[in-house]
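*Asks:* Starting off with a structure, shown below.
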Amino acid sequence: MELVQLLISGISQGCVYGLIALGFVLIYKATEMVNFAQGDLMMLGAFIAFGFINVLGWPFLWGFLATLAVMGVVGVTLERLLLRPMIGEPPFAVLMLTIGLGFILRAVAGAIWGYEDKTLSTPYGGGVARWGEISVGYENIAVVLGTLALCVLVFVFFRKTRVGIAMQAASQNQLAAYYVGIPVKWIFALVWAMSAMISATAGILVAPLSLINPIMGFVGIKAFAAAIVGGFGSLPGAFLAGLMIGIVEQFAKHGLPSGLEGFSETTAYVILLIMLFIRPEGIFATMQRKKV
Amino acid sequence: MRFVLKTRYAQDVDFFKHNGQRFWYALLGLFVFVAPFLLDDFYTGELSLVFIYAIAGIGLMLLVGYTGLVSLGHAAFLAIGAYAHAYFMTEGAPFIVSLIGATAVCVVIGAIVGIPSLRMTGIYLAVATLAFAQIVEKVLAHWESVTGGHRGMAVPEPEIFSWSLGTPRAFYFLVLLVLIGALFVALNLLRSPTGRAMIAIRDSEISAQAMGIHLARVKTTSFAVSAGFTGLAGGLLAHKIGYLAPDAFTILISIQLLLMVVVGGLGSMHGVIYGAVFIGLLPQGIAFLRESLPAGIGQIPGLEPGIFGLILVLFLVYEPLGIFGRWIKIRLFFSEFPLYRKSTYKRQKSYLRTERVH
């Protein structure tokens with residue numbers, strides 16, 4: 001029973017990683033940029049939802065939708081102000097830029113909402129579902145369902161819609177995409193808006209599990225490891241790798257000898273390093289070596 | 001722009017291109033030599049911290065600015081250097097032996113981390129080093145028999161042949177000497193075949209390979225040397241902090257080191273020094289700013305990292321060549337006064353193509 005319980009908490013934690021990794025993959029797939037501030041966008045989304053729902057007292061659904069709208073605007077604004085001048089710059093510069101952006105977002109959130117832990121009130125908070133001896137919090141179920149829904153949504157978006165295919169084209173070759181009439185700049189702005197909204201959703205889903213504070217975005221680094229283990233650029237890969245890391249982490253926390261429990265925090269990184277050693281292209285390979 | 005007619009080979013490999021440079025560097029040398037006698041102990045200490053940053057920056061610059069490999073985990077090498085040095089000294093090794101030992105440990109670990117770097121590029125490598133740094137942080141916190149765990153570890157006083165270097169002024173000269181030595185080694189490395197190979201790899205990995213450069217060997221060397229310099233800086237930093245704790249070497253330090261080389265100017269050793277001065281003075285500047293701002297804004301907690309991030313972003317967007325690049329432009333403006341062309345250092349933009357298969 002204990003194992004099943006561990007497995008379940010691992011899955012819900014893994015879904016959190018997978019959800020944030022989804023945002024990474026989305027931006028990378030469509031713009032070939034790596035957004036290190038993904039976790040901080042999630043943090044911002046959670047804070048904004050907290051502002052609408054707890055401070056202003058809006059109903060959960062309205063607060064959720066308003067947060068999505070605000071984060072969409074934030075995403076477009078960030079793209080216009082910071083990322084657009086960087087189109088055509090080396091990927092390293094963009095990486096550094098988003099790291100800097102993460103610092104700024106943390107400072108802004110800390111200045112507005114302070115550094116104390118906050119709890120987001122949700123309609124499903126506190127409830128527990130039981131099957132025999134196994135009990136699962138509603139929050140965990142919400143995370144798993146939300147992640148699955150978003151994964152399917154994004155997958156279908158990239159496969160079936162015109163905009164999604166235009167995004168893939170823009171990422172494969174920016175110049176060629178311009179030539180066939182794809183408004184690459186607007187596509188990028190749209191991608192950032194979508195990614196910010198996904199992060200906000202992640203933030204709202206995660207908020208009941210882990211408290212809201214300006215440093216909650218650091219979980220994004222583990223999610224980033226998940227995105228890479230999954231093969232960076234592969235949506236199912238990111239999700240599966242997130243799950244794997246979440247589950248292994250829970251078992252490590254439980255199974256490591258006393259005094260060494262702290263090392264469970266490094267599970268994601270150990271898995272990442274092992275993966276980079278044996279199969280650098282990730283579970284679902286999307287990279288190939290450059291050929292002359 | 002000043003062109004020097006080179007008539008001898010010695011002129012080509014000389015550190016200084018002409019006598020004007022010799023004069024200014026001599027003046028700078030004189031200044032750093034008399035500085036500790038003019039400044040009080042606090043500022044002497046701050047200046048030695050700037051020099052320590054610069055030594056670490058030389059290591060990171062070789063890796064990021066000259067080989068084009070990004071590391072988000074250099075704080076780990078700083079930490080390993082600091083702990084190894086403190087451990088060796090506690091075990092009774094003399095100062096110099098211990099410092100060299102700490103550097104050697106970092107070189108070896110850097111080489112081991114560098115080996116997989118052949119298979120990874122760009123972002124993958126950055127994240128692998130980040131993962132490495134996170135693991136090192138945990139190991140330092142838990143390996144209590146060596147590092148003292150979370151309780152921390154005291155660093156013995158530095159002394160050479162029973163001559164104490166504990167006073168700020170003596171320590172300043174020690175650090176200055178190490179910095180000059182490190183600069184000398186780095187500059188020499190850069191004009192050697194290995195250094196040229198590094199630059200070739202940075203500019204194009206494929207063409208470097210086509211010219212017969214052994215990618216794995218050069219990249220691993222670069223990583224090892226870079227880790228060595230950073231470890232050396234770590235050893236000196238241990239004396240500066242006096243008491244080591246694992247939470248002194250977080251990812252924030254790695255990012256601060258990267259900030260230093262980016263803000264200073266990637267791809268030049270001048271940039272390292274400018275960046276180090278910048279990083280060293282920034283906390284003072286922010287403290288000053290806090291006092292002069294109205295109480296409501298000045299007292300916001302967490303202002304400092306935010307300002308760090310803001311500066312990083314502004315530099316990347318508006319002056320990717322860093323402080324050194326800006327200085328070169330200003331110099332060019334005056335030397336060609338009426339004829340300065342704004343596009344001389346225009347950034348070349350390239351359209352990205354994915355390396356993924358679809």
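Residue numbering restarts at 1 for every chain of the structure tokens, chains are lettered A, B, ... in their displayed order, and ligands are numbered from 1 as they appear.
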Pick out the chain A residues within 8 Å of chain B. Count only C-alpha atoms. Give them as a compact mmCIF listing (two decimals) with N, CA and C atoms, in the first residue's frame.
*Replies:*
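Result file selection-v9.txt:
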# COMPACT_ATOMS: atom_id res chain seq x y z
N GLU A 32 12.86 28.21 -31.03
CA GLU A 32 14.26 27.77 -30.91
C GLU A 32 14.99 28.54 -29.80
N VAL A 34 15.51 29.18 -25.57
CA VAL A 34 15.36 28.47 -24.30
C VAL A 34 14.96 29.49 -23.25
N LEU A 82 11.69 42.48 -24.80
CA LEU A 82 13.01 41.88 -24.54
C LEU A 82 13.45 40.87 -25.58
N PRO A 85 14.20 42.05 -29.79
CA PRO A 85 15.53 42.55 -30.20
C PRO A 85 16.57 41.44 -30.27
N MET A 86 16.26 40.29 -29.65
CA MET A 86 17.26 39.23 -29.58
C MET A 86 17.12 38.23 -30.73
N ILE A 87 16.12 38.41 -31.59
CA ILE A 87 15.98 37.47 -32.71
C ILE A 87 17.23 37.56 -33.57
N GLY A 88 17.84 36.41 -33.84
CA GLY A 88 19.05 36.40 -34.65
C GLY A 88 20.32 36.44 -33.82
N GLU A 89 20.20 36.64 -32.51
CA GLU A 89 21.38 36.61 -31.63
C GLU A 89 21.71 35.16 -31.29
N PRO A 91 22.07 31.70 -29.32
CA PRO A 91 21.16 31.15 -28.30
C PRO A 91 21.64 31.42 -26.88
N PHE A 92 22.96 31.47 -26.70
CA PHE A 92 23.50 31.72 -25.36
C PHE A 92 23.01 33.06 -24.80
N ALA A 93 22.98 34.08 -25.69
CA ALA A 93 22.56 35.41 -25.23
C ALA A 93 21.11 35.37 -24.76
N MET A 96 20.93 33.73 -21.31
CA MET A 96 21.33 34.67 -20.26
C MET A 96 20.23 35.69 -20.01
N LEU A 97 19.62 36.15 -21.11
CA LEU A 97 18.57 37.15 -20.98
C LEU A 97 17.41 36.61 -20.14
N ILE A 99 17.56 34.26 -17.94
CA ILE A 99 18.01 34.12 -16.56
C ILE A 99 17.85 35.46 -15.84
N GLY A 100 18.30 36.53 -16.52
CA GLY A 100 18.15 37.87 -15.94
C GLY A 100 16.69 38.21 -15.71
N LEU A 101 15.86 37.82 -16.68
CA LEU A 101 14.43 38.08 -16.57
C LEU A 101 13.85 37.39 -15.32
N GLY A 102 14.32 36.15 -15.08
CA GLY A 102 13.86 35.43 -13.89
C GLY A 102 14.16 36.21 -12.61
N PHE A 103 15.39 36.77 -12.53
CA PHE A 103 15.76 37.57 -11.36
C PHE A 103 14.80 38.75 -11.21
N ILE A 104 14.52 39.42 -12.33
CA ILE A 104 13.66 40.60 -12.26
C ILE A 104 12.26 40.21 -11.80
N LEU A 105 11.72 39.12 -12.37
CA LEU A 105 10.37 38.71 -11.99
C LEU A 105 10.30 38.37 -10.51
N ARG A 106 11.34 37.67 -10.01
CA ARG A 106 11.34 37.32 -8.58
C ARG A 106 11.36 38.57 -7.72
N ALA A 107 12.19 39.56 -8.13
CA ALA A 107 12.27 40.79 -7.34
C ALA A 107 10.95 41.54 -7.37
N VAL A 108 10.32 41.58 -8.55
CA VAL A 108 9.04 42.29 -8.68
C VAL A 108 7.98 41.62 -7.80
N GLY A 110 8.45 39.71 -5.24
CA GLY A 110 8.79 39.90 -3.83
C GLY A 110 8.42 41.29 -3.35
N ALA A 111 8.62 42.29 -4.24
CA ALA A 111 8.34 43.66 -3.84
C ALA A 111 6.83 43.88 -3.69
N SER A 171 10.10 27.65 -36.59
CA SER A 171 11.20 27.13 -35.80
C SER A 171 12.20 26.38 -36.68
N GLN A 172 11.69 25.68 -37.70
CA GLN A 172 12.62 24.90 -38.53
C GLN A 172 13.55 25.79 -39.32
N ASN A 173 13.01 26.86 -39.86
CA ASN A 173 13.86 27.76 -40.64
C ASN A 173 13.18 29.12 -40.71
N GLN A 174 13.71 30.08 -39.92
CA GLN A 174 13.05 31.38 -39.82
C GLN A 174 12.94 32.07 -41.18
N LEU A 175 14.02 32.03 -41.94
CA LEU A 175 14.06 32.76 -43.20
C LEU A 175 13.05 32.17 -44.18
N ALA A 225 15.36 20.06 -16.43
CA ALA A 225 16.04 18.78 -16.55
C ALA A 225 15.11 17.77 -17.19
N ILE A 228 14.85 18.20 -20.90
CA ILE A 228 16.01 17.72 -21.64
C ILE A 228 16.05 16.20 -21.66
N GLY A 259 19.95 10.60 6.97
CA GLY A 259 21.11 11.48 6.85
C GLY A 259 21.39 11.84 5.41
N LEU A 260 20.92 10.99 4.50
CA LEU A 260 21.17 11.26 3.09
C LEU A 260 19.90 11.64 2.34
N GLY A 262 18.54 14.31 1.95
CA GLY A 262 18.72 15.55 1.21
C GLY A 262 19.07 15.31 -0.25
N PHE A 263 19.68 14.14 -0.51
CA PHE A 263 20.11 13.87 -1.87
C PHE A 263 18.94 13.60 -2.81
N THR A 266 18.44 15.95 -5.51
CA THR A 266 19.31 15.97 -6.70
C THR A 266 18.90 14.89 -7.70
N TYR A 269 18.76 15.87 -11.27
CA TYR A 269 20.05 16.18 -11.90
C TYR A 269 20.84 14.91 -12.18
N VAL A 270 20.74 13.95 -11.24
CA VAL A 270 21.45 12.68 -11.47
C VAL A 270 20.87 11.99 -12.70
N LEU A 272 19.38 13.40 -15.13
CA LEU A 272 19.78 14.20 -16.29
C LEU A 272 21.19 13.84 -16.73
N LEU A 273 22.12 13.78 -15.77
CA LEU A 273 23.52 13.51 -16.12
C LEU A 273 23.67 12.12 -16.72
N LEU A 276 22.40 12.24 -20.19
CA LEU A 276 23.30 12.94 -21.12
C LEU A 276 24.50 12.06 -21.46
N PHE A 277 24.87 11.18 -20.50
CA PHE A 277 26.01 10.31 -20.77
C PHE A 277 25.63 9.21 -21.75
N PRO A 280 22.43 11.24 -25.20
CA PRO A 280 22.35 12.70 -25.09
C PRO A 280 21.14 13.28 -25.82
N THR A 286 14.92 14.24 -30.81
CA THR A 286 14.52 15.18 -31.85
C THR A 286 15.74 15.89 -32.43
N MET A 287 16.89 15.55 -31.86
CA MET A 287 18.12 16.21 -32.34
C MET A 287 18.89 15.23 -33.21
N GLN A 288 19.64 15.77 -34.12
CA GLN A 288 20.61 14.92 -34.81
C GLN A 288 21.88 15.73 -34.93
N ARG A 289 22.98 15.05 -35.08
CA ARG A 289 24.24 15.78 -35.19
C ARG A 289 24.27 16.54 -36.50
N LYS A 290 24.82 17.75 -36.41
CA LYS A 290 24.89 18.58 -37.60
C LYS A 290 25.83 17.93 -38.61
N VAL A 292 27.84 18.27 -42.34
CA VAL A 292 28.32 19.31 -43.26
C VAL A 292 27.80 19.02 -44.65
*Asks:* Could you pull out the residues in stretch 4-171 of chain B that DSSP calls alpha helix (DSSP H) from the backbone, as a PyMOL selection string?
*Replies:* chain B and resi 9-13+19-38+41-60+74-90+95-114+122-142+144-147+168-171
*Asks:* Which residues, written as a ChimeraX atom specification, have at least one atom at most 8 Å from stretch 193-195 of chain A, with only C-alpha atoms counted and residues fewer than 4 positions away on the same chain left out?
*Replies:* /A:23-24,26-27,71-76,189,199
*Asks:* Residues of the last selection are to be written out with N, CA, C and O atoms, as a PDB file, in the first residue's frame.
*Replies:*
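Result file part02.pdb:
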ATOM      1  N   GLY A  23       5.884  24.061 -20.996  1.00  0.00           N
ATOM      2  CA  GLY A  23       6.113  25.457 -21.368  1.00  0.00           C
ATOM      3  C   GLY A  23       7.473  25.646 -22.028  1.00  0.00           C
ATOM      4  O   GLY A  23       7.602  26.333 -23.041  1.00  0.00           O
ATOM      5  N   PHE A  24       8.509  24.990 -21.448  1.00  0.00           N
ATOM      6  CA  PHE A  24       9.852  25.055 -22.046  1.00  0.00           C
ATOM      7  C   PHE A  24       9.817  24.568 -23.483  1.00  0.00           C
ATOM      8  O   PHE A  24      10.317  25.211 -24.397  1.00  0.00           O
ATOM      9  N   LEU A  26       7.349  24.114 -25.501  1.00  0.00           N
ATOM     10  CA  LEU A  26       6.540  24.920 -26.418  1.00  0.00           C
ATOM     11  C   LEU A  26       7.376  26.051 -26.993  1.00  0.00           C
ATOM     12  O   LEU A  26       7.435  26.249 -28.209  1.00  0.00           O
ATOM     13  N   ILE A  27       8.042  26.804 -26.130  1.00  0.00           N
ATOM     14  CA  ILE A  27       8.836  27.937 -26.612  1.00  0.00           C
ATOM     15  C   ILE A  27       9.998  27.456 -27.466  1.00  0.00           C
ATOM     16  O   ILE A  27      10.296  28.010 -28.517  1.00  0.00           O
ATOM     17  N   MET A  71      -1.693  36.974 -17.937  1.00  0.00           N
ATOM     18  CA  MET A  71      -0.415  36.352 -18.272  1.00  0.00           C
ATOM     19  C   MET A  71      -0.177  36.334 -19.780  1.00  0.00           C
ATOM     20  O   MET A  71       0.953  36.436 -20.236  1.00  0.00           O
ATOM     21  N   GLY A  72      -1.261  36.229 -20.547  1.00  0.00           N
ATOM     22  CA  GLY A  72      -1.111  36.328 -22.001  1.00  0.00           C
ATOM     23  C   GLY A  72      -0.529  37.675 -22.381  1.00  0.00           C
ATOM     24  O   GLY A  72       0.412  37.764 -23.181  1.00  0.00           O
ATOM     25  N   VAL A  73      -1.070  38.737 -21.770  1.00  0.00           N
ATOM     26  CA  VAL A  73      -0.560  40.085 -22.046  1.00  0.00           C
ATOM     27  C   VAL A  73       0.904  40.185 -21.591  1.00  0.00           C
ATOM     28  O   VAL A  73       1.750  40.733 -22.302  1.00  0.00           O
ATOM     29  N   VAL A  74       1.204  39.617 -20.408  1.00  0.00           N
ATOM     30  CA  VAL A  74       2.582  39.656 -19.911  1.00  0.00           C
ATOM     31  C   VAL A  74       3.515  38.971 -20.910  1.00  0.00           C
ATOM     32  O   VAL A  74       4.585  39.485 -21.248  1.00  0.00           O
ATOM     33  N   GLY A  75       3.076  37.808 -21.420  1.00  0.00           N
ATOM     34  CA  GLY A  75       3.903  37.070 -22.369  1.00  0.00           C
ATOM     35  C   GLY A  75       4.198  37.888 -23.611  1.00  0.00           C
ATOM     36  O   GLY A  75       5.353  37.993 -24.037  1.00  0.00           O
ATOM     37  N   VAL A  76       3.154  38.502 -24.183  1.00  0.00           N
ATOM     38  CA  VAL A  76       3.360  39.298 -25.397  1.00  0.00           C
ATOM     39  C   VAL A  76       4.267  40.484 -25.106  1.00  0.00           C
ATOM     40  O   VAL A  76       5.172  40.803 -25.889  1.00  0.00           O
ATOM     41  N   ALA A 189       5.365  36.147 -30.751  1.00  0.00           N
ATOM     42  CA  ALA A 189       4.602  36.806 -29.682  1.00  0.00           C
ATOM     43  C   ALA A 189       3.499  35.877 -29.175  1.00  0.00           C
ATOM     44  O   ALA A 189       3.287  35.732 -27.969  1.00  0.00           O
ATOM     45  N   SER A 199       2.166  28.361 -18.170  1.00  0.00           N
ATOM     46  CA  SER A 199       2.856  28.490 -16.883  1.00  0.00           C
ATOM     47  C   SER A 199       1.898  28.920 -15.796  1.00  0.00           C
ATOM     48  O   SER A 199       1.972  28.437 -14.666  1.00  0.00           O
TER      49      SER A 199
END
*Asks:* Among stretch 74-287 of chain A, which ones does DSSP assign to strand (DSSP E) (computed from the backbone)? Answer as a list in words.
*Replies:* Val128, Ala129, Arg130, Trp131, Ile134, Ser135, Val136 and Gly137 of chain A
*Asks:* Generate the output file for the selected residues, N, CA and C atoms, as an mmCIF file, in the first residue's frame.
*Replies:*
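Result file is out37.cif:
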data_model
loop_
_atom_site.group_PDB
_atom_site.id
_atom_site.type_symbol
_atom_site.label_atom_id
_atom_site.label_comp_id
_atom_site.auth_asym_id
_atom_site.auth_seq_id
_atom_site.Cartn_x
_atom_site.Cartn_y
_atom_site.Cartn_z
ATOM 1 N N VAL A 128 -10.269 14.819 -0.025
ATOM 2 C CA VAL A 128 -9.456 13.625 -0.208
ATOM 3 C C VAL A 128 -10.328 12.515 -0.784
ATOM 4 N N ALA A 129 -9.821 11.892 -1.847
ATOM 5 C CA ALA A 129 -10.528 10.735 -2.410
ATOM 6 C C ALA A 129 -9.906 9.468 -1.849
ATOM 7 N N ARG A 130 -10.764 8.481 -1.483
ATOM 8 C CA ARG A 130 -10.228 7.253 -0.893
ATOM 9 C C ARG A 130 -10.677 6.038 -1.680
ATOM 10 N N TRP A 131 -9.712 5.123 -1.895
ATOM 11 C CA TRP A 131 -10.056 3.787 -2.388
ATOM 12 C C TRP A 131 -9.398 2.832 -1.418
ATOM 13 N N ILE A 134 -5.883 3.589 0.182
ATOM 14 C CA ILE A 134 -5.165 4.641 -0.548
ATOM 15 C C ILE A 134 -5.979 5.918 -0.521
ATOM 16 N N SER A 135 -5.339 7.010 -0.163
ATOM 17 C CA SER A 135 -6.044 8.278 -0.192
ATOM 18 C C SER A 135 -5.256 9.272 -1.040
ATOM 19 N N VAL A 136 -5.995 9.997 -1.849
ATOM 20 C CA VAL A 136 -5.368 10.959 -2.749
ATOM 21 C C VAL A 136 -6.061 12.300 -2.595
ATOM 22 N N GLY A 137 -5.278 13.346 -2.402
ATOM 23 C CA GLY A 137 -5.863 14.677 -2.281
ATOM 24 C C GLY A 137 -6.432 15.118 -3.619
#
*Asks:* Calculated over only C-alpha atoms, which of the candidates B:Ala82, B:Ala208, B:Ala245, B:Leu321 has the smallest distance to B:Gly265?
*Replies:*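 Checking each candidate against B:Gly265, we get B:Leu321 as the closest.
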